[in-house]
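Participant: Just so it is clear, I am handing over my_file_19.cif, which has mmCIF, C-alpha atoms.
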```cif
data_target
loop_
_atom_site.label_atom_id
_atom_site.label_comp_id
_atom_site.auth_asym_id
_atom_site.auth_seq_id
_atom_site.Cartn_x
_atom_site.Cartn_y
_atom_site.Cartn_z
CA MET K 1 -49.36 20.74 -36.55
CA THR K 2 -51.03 17.75 -38.21
CA GLY K 3 -50.96 17.25 -41.96
CA GLU K 4 -54.59 18.24 -42.31
CA THR K 5 -54.13 21.35 -40.21
CA ARG K 6 -51.11 22.28 -42.31
CA ASP K 7 -53.16 21.80 -45.48
CA ASP K 8 -55.87 24.06 -44.06
CA ALA K 9 -53.27 26.71 -43.26
CA GLU K 10 -51.73 26.52 -46.72
CA PHE K 11 -55.11 26.68 -48.43
CA THR K 12 -56.09 29.69 -46.32
CA ALA K 13 -52.82 31.45 -47.13
CA ARG K 14 -53.38 30.88 -50.84
CA ALA K 15 -56.94 32.16 -50.58
CA LEU K 16 -55.88 35.32 -48.76
CA ASP K 17 -53.04 35.89 -51.22
CA ALA K 18 -55.60 35.74 -54.02
CA LEU K 19 -57.34 38.82 -52.63
CA PRO K 20 -56.49 42.08 -54.36
CA PRO K 21 -54.18 44.47 -52.50
CA VAL K 22 -55.81 47.18 -50.43
CA ALA K 23 -54.83 50.74 -51.28
CA ALA K 24 -55.63 53.73 -49.12
CA SER K 25 -57.68 56.47 -50.70
CA PRO K 26 -55.66 59.67 -51.21
CA GLY K 27 -57.68 61.39 -48.53
CA LEU K 28 -56.83 58.97 -45.73
CA PRO K 29 -53.25 60.11 -44.97
CA LEU K 30 -54.43 63.72 -45.17
CA ALA K 31 -57.27 62.98 -42.76
CA LEU K 32 -54.93 61.25 -40.32
CA MET K 33 -52.50 64.16 -40.29
CA ALA K 34 -55.36 66.64 -40.00
CA ALA K 35 -56.48 64.68 -36.93
CA TYR K 36 -52.96 64.98 -35.55
CA ASP K 37 -52.92 68.75 -36.15
CA ALA K 38 -56.33 69.12 -34.52
CA TRP K 39 -55.13 67.16 -31.50
CA GLN K 40 -52.06 69.40 -31.21
CA ALA K 41 -54.23 72.52 -31.36
CA ARG K 42 -56.57 71.13 -28.68
CA ARG K 43 -53.58 70.28 -26.53
CA GLN K 44 -52.20 73.84 -26.71
CA ASP K 45 -55.64 75.22 -25.84
CA GLY K 46 -55.79 72.73 -22.98
CA LYS K 47 -52.51 74.04 -21.55
CA ARG K 48 -53.81 77.63 -21.62
CA VAL K 49 -57.05 76.57 -19.96
CA ALA K 50 -55.14 74.65 -17.29
CA LEU K 51 -52.96 77.68 -16.53
CA ALA K 52 -56.00 79.94 -16.22
CA ALA K 53 -57.69 77.40 -13.94
CA ALA K 54 -54.60 77.18 -11.73
CA MET K 55 -54.53 80.97 -11.40
CA ARG K 56 -58.23 81.01 -10.51
CA ARG K 57 -57.66 78.34 -7.85
CA PHE K 58 -54.76 80.34 -6.40
CA ALA K 59 -56.88 83.52 -6.27
CA GLU K 60 -59.71 81.59 -4.61
CA ALA K 61 -57.31 80.23 -2.01
CA ILE K 62 -55.97 83.61 -0.96
CA TRP K 63 -59.25 85.58 -1.18
CA PRO K 64 -62.28 83.31 -1.43
CA GLY K 65 -65.25 84.75 -3.23
CA ALA K 66 -63.52 87.87 -4.47
CA PRO K 67 -63.35 88.77 -8.13
CA ALA K 68 -60.04 87.92 -9.77
CA TRP K 69 -58.85 91.54 -9.82
CA ALA K 70 -59.09 91.92 -6.04
CA PRO K 71 -56.36 89.45 -4.97
CA ALA K 72 -54.29 90.54 -7.94
CA ALA K 73 -54.61 94.19 -6.86
CA ALA K 74 -53.87 93.29 -3.23
CA LEU K 75 -50.78 91.37 -4.26
CA MET K 76 -49.65 94.26 -6.43
CA ALA K 77 -50.24 96.78 -3.61
CA ALA K 78 -48.29 94.58 -1.20
CA LEU K 79 -45.49 94.34 -3.69
CA VAL K 80 -45.36 98.11 -4.24
CA LEU K 81 -45.50 98.77 -0.50
CA GLY K 82 -42.75 96.26 0.20
CA ILE K 83 -40.49 97.67 -2.47
CA GLY K 84 -41.21 101.23 -1.34
CA ILE K 85 -40.34 100.47 2.28
CA GLY K 86 -37.28 98.58 1.20
CA LEU K 87 -36.05 101.51 -0.85
CA GLY K 88 -36.90 104.05 1.86
CA LEU K 89 -34.91 102.35 4.63
CA PRO K 90 -31.36 103.68 5.09
CA TYR K 91 -28.40 101.43 4.47
CA PRO K 92 -26.72 100.10 7.65
CA GLY K 93 -23.81 102.28 8.77
CA SER K 94 -24.87 105.23 6.72
CA GLU K 95 -24.96 108.79 8.11
CA SER K 96 -28.68 108.97 8.12
CA GLY K 97 -29.22 106.91 11.23
CA GLY K 98 -28.27 103.32 10.99
CA VAL K 99 -28.66 101.25 14.14
CA SER K 100 -25.84 99.10 15.47
CA LEU K 101 -26.26 96.70 18.35
CA ASP K 102 -22.52 96.88 19.18
CA GLU K 103 -22.66 100.53 20.31
CA PRO K 104 -24.59 102.18 23.14
CA PRO K 105 -27.75 103.85 22.01
CA ALA K 106 -27.45 107.44 20.95
CA PHE K 107 -30.84 108.28 22.34
CA SER K 108 -32.67 108.20 25.65
CA LEU K 109 -36.25 107.48 26.49
CA LEU K 110 -36.15 110.02 29.31
CA ALA K 111 -37.19 113.62 28.85
CA PRO K 112 -34.24 115.96 28.25
CA ASP K 113 -34.76 117.79 31.55
CA MET K 114 -34.64 114.62 33.59
CA THR K 115 -31.26 113.32 32.43
CA GLU K 116 -29.31 115.71 34.66
CA SER K 117 -31.21 114.82 37.78
CA LEU K 118 -30.36 111.16 37.35
CA MET P 119 -38.60 44.75 -24.48
CA HIS P 120 -37.34 46.80 -27.42
CA ASP P 121 -40.04 48.87 -29.06
CA PRO P 122 -38.94 50.19 -32.47
CA ASP P 123 -41.71 52.81 -32.33
CA ALA P 124 -40.90 54.18 -28.87
CA GLU P 125 -38.84 57.13 -30.02
CA LEU P 126 -41.26 58.12 -32.78
CA VAL P 127 -44.20 57.92 -30.37
CA ALA P 128 -42.40 60.10 -27.83
CA ARG P 129 -41.56 62.68 -30.49
CA ALA P 130 -45.09 62.66 -31.87
CA GLY P 131 -46.35 63.17 -28.33
CA ARG P 132 -44.16 66.27 -28.03
CA GLY P 133 -45.70 67.72 -31.17
CA ASP P 134 -43.23 66.52 -33.82
CA ARG P 135 -45.37 66.29 -36.94
CA ALA P 136 -42.69 64.46 -38.95
CA ALA P 137 -42.59 61.70 -36.33
CA ALA P 138 -46.37 61.36 -36.52
CA ALA P 139 -46.16 61.12 -40.31
CA ALA P 140 -43.45 58.44 -40.03
CA LEU P 141 -45.59 56.41 -37.61
CA MET P 142 -48.52 56.67 -39.97
CA ALA P 143 -46.46 55.62 -42.99
CA ARG P 144 -45.05 52.65 -41.08
CA HIS P 145 -48.33 51.20 -39.83
CA MET P 146 -51.20 52.52 -41.91
CA PRO P 147 -50.94 50.17 -44.95
CA ARG P 148 -51.10 46.94 -42.95
CA LEU P 149 -53.70 48.26 -40.54
CA LEU P 150 -55.86 49.26 -43.47
CA THR P 151 -55.48 45.84 -45.10
CA LEU P 152 -56.45 44.15 -41.85
CA ALA P 153 -59.44 46.45 -41.36
CA ARG P 154 -60.56 46.07 -44.97
CA ARG P 155 -60.58 42.28 -44.69
CA MET P 156 -62.40 42.46 -41.37
CA LEU P 157 -65.10 44.85 -42.58
CA TRP P 158 -67.55 45.17 -45.40
CA THR P 159 -66.36 48.23 -47.26
CA GLN P 160 -63.28 50.35 -47.88
CA ALA P 161 -64.97 53.36 -46.29
CA GLU P 162 -65.63 51.48 -43.07
CA ALA P 163 -62.07 50.18 -43.01
CA GLU P 164 -60.69 53.69 -43.42
CA ASP P 165 -62.96 54.94 -40.64
CA ALA P 166 -61.69 52.19 -38.34
CA VAL P 167 -58.06 53.05 -39.11
CA GLN P 168 -58.81 56.71 -38.55
CA ASP P 169 -60.34 55.92 -35.15
CA ALA P 170 -57.23 53.94 -34.23
CA PHE P 171 -54.86 56.74 -35.19
CA LEU P 172 -56.98 59.32 -33.38
CA LYS P 173 -56.51 57.25 -30.23
CA ALA P 174 -52.82 56.90 -31.02
CA TRP P 175 -52.36 60.67 -31.25
CA THR P 176 -54.30 61.22 -28.05
CA HIS P 177 -52.24 58.65 -26.17
CA ALA P 178 -48.86 59.54 -27.68
CA ALA P 179 -48.08 62.23 -25.08
CA ARG P 180 -48.87 59.85 -22.22
CA TRP P 181 -47.31 56.74 -23.76
CA ARG P 182 -44.96 54.92 -21.41
CA PRO P 183 -42.85 52.27 -23.12
CA GLY P 184 -42.40 48.98 -21.33
CA ALA P 185 -45.88 47.58 -20.75
CA ALA P 186 -46.58 46.63 -24.38
CA LYS P 187 -45.21 47.53 -27.76
CA PHE P 188 -46.93 50.47 -29.42
CA GLU P 189 -47.60 48.39 -32.53
CA THR P 190 -49.33 45.69 -30.48
CA TRP P 191 -51.52 48.32 -28.85
CA LEU P 192 -52.29 49.95 -32.22
CA TYR P 193 -53.39 46.67 -33.79
CA ARG P 194 -55.57 45.94 -30.76
CA VAL P 195 -57.23 49.35 -31.02
CA THR P 196 -57.82 48.84 -34.74
CA LEU P 197 -59.36 45.42 -34.20
CA ASN P 198 -61.62 46.84 -31.50
CA ALA P 199 -62.75 49.54 -33.92
CA CYS P 200 -63.51 46.76 -36.42
CA TYR P 201 -65.45 44.72 -33.84
CA ASP P 202 -67.56 47.79 -33.03
CA ARG P 203 -68.49 48.17 -36.69
CA LEU P 204 -69.13 44.46 -37.18
CA ARG P 205 -71.62 44.49 -34.31
CA ARG P 206 -73.63 47.22 -35.93
CA LYS P 207 -76.20 46.49 -38.58
CA ARG P 208 -74.79 44.88 -41.70
CA PRO P 209 -74.91 47.23 -44.65
CA ALA P 210 -77.43 46.57 -47.37
CA GLY P 211 -75.90 44.71 -50.27
CA LEU P 212 -73.82 42.38 -48.15
CA ASP P 213 -76.35 39.62 -48.40
CA GLU P 214 -76.20 39.93 -52.17
CA ALA P 215 -72.43 39.68 -52.08
CA MET P 216 -72.60 36.59 -49.90
CA ALA P 217 -75.23 35.03 -52.10
CA VAL P 218 -72.71 34.99 -54.93
CA ALA P 219 -70.95 32.09 -53.29
CA ASP P 220 -74.16 30.13 -52.77
CA THR P 221 -75.62 30.43 -56.23
CA ALA P 222 -72.54 30.00 -58.36
CA PRO P 223 -73.20 27.40 -61.01
CA ALA P 224 -70.36 25.05 -61.95
CA PRO P 225 -68.12 26.31 -59.17
CA ASP P 226 -64.74 25.84 -60.78
CA ALA P 227 -65.68 26.73 -64.31
CA GLY P 228 -64.34 29.97 -65.65
CA LEU P 229 -63.97 31.90 -62.44
CA ASP P 230 -62.16 35.13 -62.94
CA ALA P 231 -59.93 36.67 -60.29
CA GLY P 232 -62.58 39.19 -59.27
CA ARG P 233 -65.16 36.53 -58.72
CA VAL P 234 -62.73 34.34 -56.75
CA ALA P 235 -61.87 37.32 -54.55
CA ALA P 236 -65.56 38.06 -54.00
CA GLU P 237 -66.18 34.46 -52.95
CA ILE P 238 -63.22 34.48 -50.58
CA GLU P 239 -64.44 37.71 -49.01
CA ALA P 240 -67.93 36.30 -48.67
CA ALA P 241 -66.56 33.16 -46.99
CA LEU P 242 -64.42 35.27 -44.65
CA ALA P 243 -67.47 37.32 -43.73
CA THR P 244 -69.24 34.22 -42.44
CA LEU P 245 -66.50 33.40 -39.93
CA PRO P 246 -66.93 34.39 -36.28
CA GLU P 247 -65.11 37.68 -35.72
CA ARG P 248 -62.41 36.25 -33.44
CA GLN P 249 -61.56 33.46 -35.87
CA LYS P 250 -61.44 35.93 -38.71
CA ALA P 251 -59.26 38.33 -36.73
CA ALA P 252 -56.83 35.54 -35.79
CA ILE P 253 -56.49 34.34 -39.39
CA LEU P 254 -56.12 37.81 -40.87
CA LEU P 255 -53.70 39.00 -38.22
CA CYS P 256 -51.39 36.03 -38.69
CA HIS P 257 -51.51 36.38 -42.45
CA PHE P 258 -51.41 40.11 -43.12
CA LYS P 259 -49.31 41.26 -40.19
CA ASP P 260 -47.07 38.28 -40.75
CA CYS P 261 -46.56 37.86 -37.04
CA GLY P 262 -45.98 34.78 -34.94
CA ASN P 263 -48.60 33.15 -32.77
CA ILE P 264 -47.21 34.70 -29.59
CA GLU P 265 -47.54 38.25 -30.88
CA ALA P 266 -50.95 37.58 -32.44
CA ALA P 267 -52.17 36.07 -29.16
CA GLU P 268 -50.97 39.17 -27.31
CA ILE P 269 -52.80 41.48 -29.72
CA LEU P 270 -56.00 39.45 -29.36
CA GLY P 271 -55.61 39.11 -25.59
CA LEU P 272 -55.59 35.32 -25.75
CA SER P 273 -53.35 32.47 -24.73
CA VAL P 274 -51.30 30.96 -27.54
CA GLU P 275 -53.30 27.72 -27.20
CA ALA P 276 -56.58 29.59 -27.59
CA LEU P 277 -55.23 31.40 -30.65
CA GLU P 278 -54.11 28.14 -32.24
CA SER P 279 -57.55 26.68 -31.63
CA LEU P 280 -59.19 29.71 -33.28
CA LEU P 281 -56.84 29.46 -36.22
CA ALA P 282 -57.44 25.77 -36.72
CA ARG P 283 -61.23 26.08 -36.59
CA GLY P 284 -61.31 29.16 -38.78
CA ARG P 285 -59.03 27.71 -41.44
CA ARG P 286 -60.96 24.45 -41.48
CA THR P 287 -64.25 26.31 -41.95
CA LEU P 288 -62.80 28.53 -44.64
CA ARG P 289 -61.37 25.62 -46.55
CA GLY P 290 -64.71 23.83 -46.38
CA ARG P 291 -66.63 26.87 -47.64
CA LEU P 292 -64.19 27.45 -50.48
CA SER P 293 -63.76 23.82 -51.43
CA HIS P 294 -65.20 24.53 -54.88
CA LEU P 295 -62.28 26.89 -55.52
CA ARG P 296 -59.62 24.26 -54.92
CA ASP P 297 -58.51 24.23 -58.52
CA SER P 298 -58.53 28.00 -58.82
CA LEU P 299 -56.41 28.33 -55.68
CA GLY P 300 -54.12 25.45 -56.58
CA ASP P 301 -55.09 23.17 -53.70
CA ALA P 302 -53.70 19.64 -53.78
#
```
Since I need it in another form, could you write the structure as structure tokens?
Facilitator:
Amino acid sequence: MTGETRDDAEFTARALDALPPVAASPGLPLALMAAYDAWQARRQDGKRVALAAAMRRFAEAIWPGAPAWAPAAALMAALVLGIGIGLGLPYPGSESGGVSLDEPPAFSLLAPDMTESL
Amino acid sequence: MHDPDAELVARAGRGDRAAAAALMARHMPRLLTLARRMLWTQAEAEDAVQDAFLKAWTHAARWRPGAAKFETWLYRVTLNACYDRLRRKRPAGLDEAMAVADTAPAPDAGLDAGRVAAEIEAALATLPERQKAAILLCHFKDCGNIEAAEILGLSVEALESLLARGRRTLRGRLSHLRDSLGDA
């Protein structure tokens, strides 16, 4: 830095130091935090909207063109049916007719009157 | 690169209001001073700072430390908000304020602090925006040339050139205040 450039810099620094300090109006910090709160609220709304959109996309993928309740009802019916069948099936090895592949079958496909003739 | 704001930004992005308040308290005073010296009025300066913080809140959740320091980015956003306002129509009354410097009789005689400040502001207002930004940034942020160049998106050599030309112009325009400012 040359002497003249240094003098310019020093003069400029003195000039800027002579300016009065800048104070924020009382409303500025409040406005900035209100902006933060508003952004947070928008963000939460955005998450809800994104979840709803994802559910709509899923419904459209499994049943295109149907109203939202249709795939939901179909899924619910499938769930109820699956659980019902699962509960209705007997446990393996129970008295009520479990099937084991290790034992010969306890039934025949032939008519009862034909078994003797064979 | 260590970013002292990284943790606060991450917390603010997760919805921590106290972290957002701490970020604001840390940066708002200097940003406001910079904006006030760049612009015509206090109201415009506060609007520019508000714009910058709005962007900061919006970006906080997506902020990834490493590329640049948050503070550097925040100053850049604030300066851009100032440039936008400077490029709009000058408010009425500015020309009167600038005329104060031109019509002052007996320049050094009996200038009070308010009048000196008004003349300095008027001289600053005549500088090209990049020169003004470089001078104000180096002075009020108290940062080195490397950081100031990064904020302004310039090479260090280009920044030094802006500083030299701006300071020379300012000193020339305020030469009648040499005694008031204690110039040798």
Participant: List every protein, DNA or RNA residue with an atom no more than 10 Å from (-55.1, 47.1, -33.0) in the file's coordinates, counting only C-alpha atoms, and format the result as a list in words.
Facilitator: Leu149, Leu152, Ala153, Ala166, Val167, Ala170, Phe171, Phe188, Glu189, Thr190, Trp191, Leu192, Tyr193, Arg194, Val195, Thr196, Leu197, Asn198, Ala199, Cys200, Leu255, Ile269 and Leu270 of chain P
Participant: With C-alpha atoms retained, write the just-selected residues as a CSV table (one decimal), in the coordinates of the input.
Facilitator:
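As a result, again.csv now contains:
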```
chain,number,residue,atom,x,y,z
P,149,LEU,CA,-53.7,48.3,-40.5
P,152,LEU,CA,-56.4,44.2,-41.8
P,153,ALA,CA,-59.4,46.4,-41.4
P,166,ALA,CA,-61.7,52.2,-38.3
P,167,VAL,CA,-58.1,53.0,-39.1
P,170,ALA,CA,-57.2,53.9,-34.2
P,171,PHE,CA,-54.9,56.7,-35.2
P,188,PHE,CA,-46.9,50.5,-29.4
P,189,GLU,CA,-47.6,48.4,-32.5
P,190,THR,CA,-49.3,45.7,-30.5
P,191,TRP,CA,-51.5,48.3,-28.8
P,192,LEU,CA,-52.3,50.0,-32.2
P,193,TYR,CA,-53.4,46.7,-33.8
P,194,ARG,CA,-55.6,45.9,-30.8
P,195,VAL,CA,-57.2,49.4,-31.0
P,196,THR,CA,-57.8,48.8,-34.7
P,197,LEU,CA,-59.4,45.4,-34.2
P,198,ASN,CA,-61.6,46.8,-31.5
P,199,ALA,CA,-62.8,49.5,-33.9
P,200,CYS,CA,-63.5,46.8,-36.4
P,255,LEU,CA,-53.7,39.0,-38.2
P,269,ILE,CA,-52.8,41.5,-29.7
P,270,LEU,CA,-56.0,39.4,-29.4
```
Participant: May I have the residues within 8 Å of Ala282 (chain P) as number ranges by chain, using all atoms listed in the file and disregarding those fewer than 2 positions away in the same chain?
Facilitator: K: 5, 8-9; P: 278-280, 284-286
Participant: Using all atoms listed in the file, find each residue in chain P having at least one atom no more than 8 Å away from chain K; report its shortest atom-to-atom pair and that distance in Å (one decimal), rows by chain then rising number, as a Markdown table.
Facilitator:
```
| residue | atom | partner | partner_atom | distance |
| --- | --- | --- | --- | --- |
| P:Gly133 | CA | K:Gln40 | CA | 6.6 |
| P:Arg135 | CA | K:Tyr36 | CA | 7.8 |
| P:Ala138 | CA | K:Tyr36 | CA | 7.6 |
| P:Ala139 | CA | K:Met33 | CA | 7.0 |
| P:Met142 | CA | K:Pro29 | CA | 7.7 |
| P:Pro147 | CA | K:Ala24 | CA | 7.2 |
| P:Leu150 | CA | K:Ala24 | CA | 7.2 |
| P:Thr151 | CA | K:Val22 | CA | 5.5 |
| P:Arg154 | CA | K:Val22 | CA | 7.3 |
| P:Glu164 | CA | K:Leu28 | CA | 6.9 |
| P:Gln168 | CA | K:Leu32 | CA | 6.2 |
| P:Phe171 | CA | K:Leu32 | CA | 6.8 |
| P:Leu172 | CA | K:Ala35 | CA | 6.4 |
| P:Trp175 | CA | K:Tyr36 | CA | 6.1 |
| P:Thr176 | CA | K:Trp39 | CA | 6.9 |
| P:Ala231 | CA | K:Ala18 | CA | 7.7 |
| P:Val234 | CA | K:Ala18 | CA | 7.8 |
| P:Ala235 | CA | K:Leu19 | CA | 5.1 |
| P:Ile238 | CA | K:Ala15 | CA | 6.7 |
| P:His257 | CA | K:Ala13 | CA | 6.9 |
| P:Ala282 | CA | K:Thr5 | CA | 6.5 |
| P:Arg285 | CA | K:Asp8 | CA | 5.5 |
| P:Arg286 | CA | K:Asp8 | CA | 5.7 |
| P:Leu288 | CA | K:Thr12 | CA | 7.0 |
| P:Arg289 | CA | K:Asp8 | CA | 6.2 |
| P:Leu299 | CA | K:Arg14 | CA | 6.3 |
| P:Gly300 | CA | K:Arg14 | CA | 7.9 |
| P:Asp301 | CA | K:Phe11 | CA | 6.3 |
```
Participant: Enter the distance from CA of Gln249 (chain P) to CA of Thr287 (chain P), in Å, rounded to one decimal.
Facilitator: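 Distance between the two atoms: 9.8 Å.
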Participant: For a test of reading the model, state the distance in Å between CA of Asp230 (chain P) and CA of Thr244 (chain P), rounded to one decimal.
Facilitator: 21.7 Å
Participant: May I ask for the distance between CA of Ala266 (chain P) and CA of Leu254 (chain P), given in Å to one decimal place?
Facilitator: 9.9 Å
Participant: Of the candidates P:Leu245, P:Ala185, P:Leu281, P:Cys256, which one gets nearest to His120 (chain P) if we count only C-alpha atoms?
Facilitator: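 Closest residue, counting only C-alpha atoms: P:Ala185.
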Participant: If you apply the PyMOL selection byres ((chain P and resi 183) around 12) to this file, what residues do you get, as a VMD selection string?
Facilitator: chain P and resid 119 to 128 177 to 182 184 to 191
Participant: Just want the 9 Å neighbourhood of Ile264 (chain P), counted on all atoms listed in the file, with same-chain residues fewer than 5 positions away dropped. Output as an MDAnalysis selection string.
Facilitator: chainID P and resid 269 273:274 277
Participant: Which is closest to Ala161 (chain P) among P:Arg291, P:Arg132, P:His145, P:Arg203, if we use all atoms listed in the file?
Facilitator: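 Checking each of P:Arg291, P:Arg132, P:His145, P:Arg203 against Ala161 (chain P), counting all atoms listed in the file, the winner is P:Arg203.
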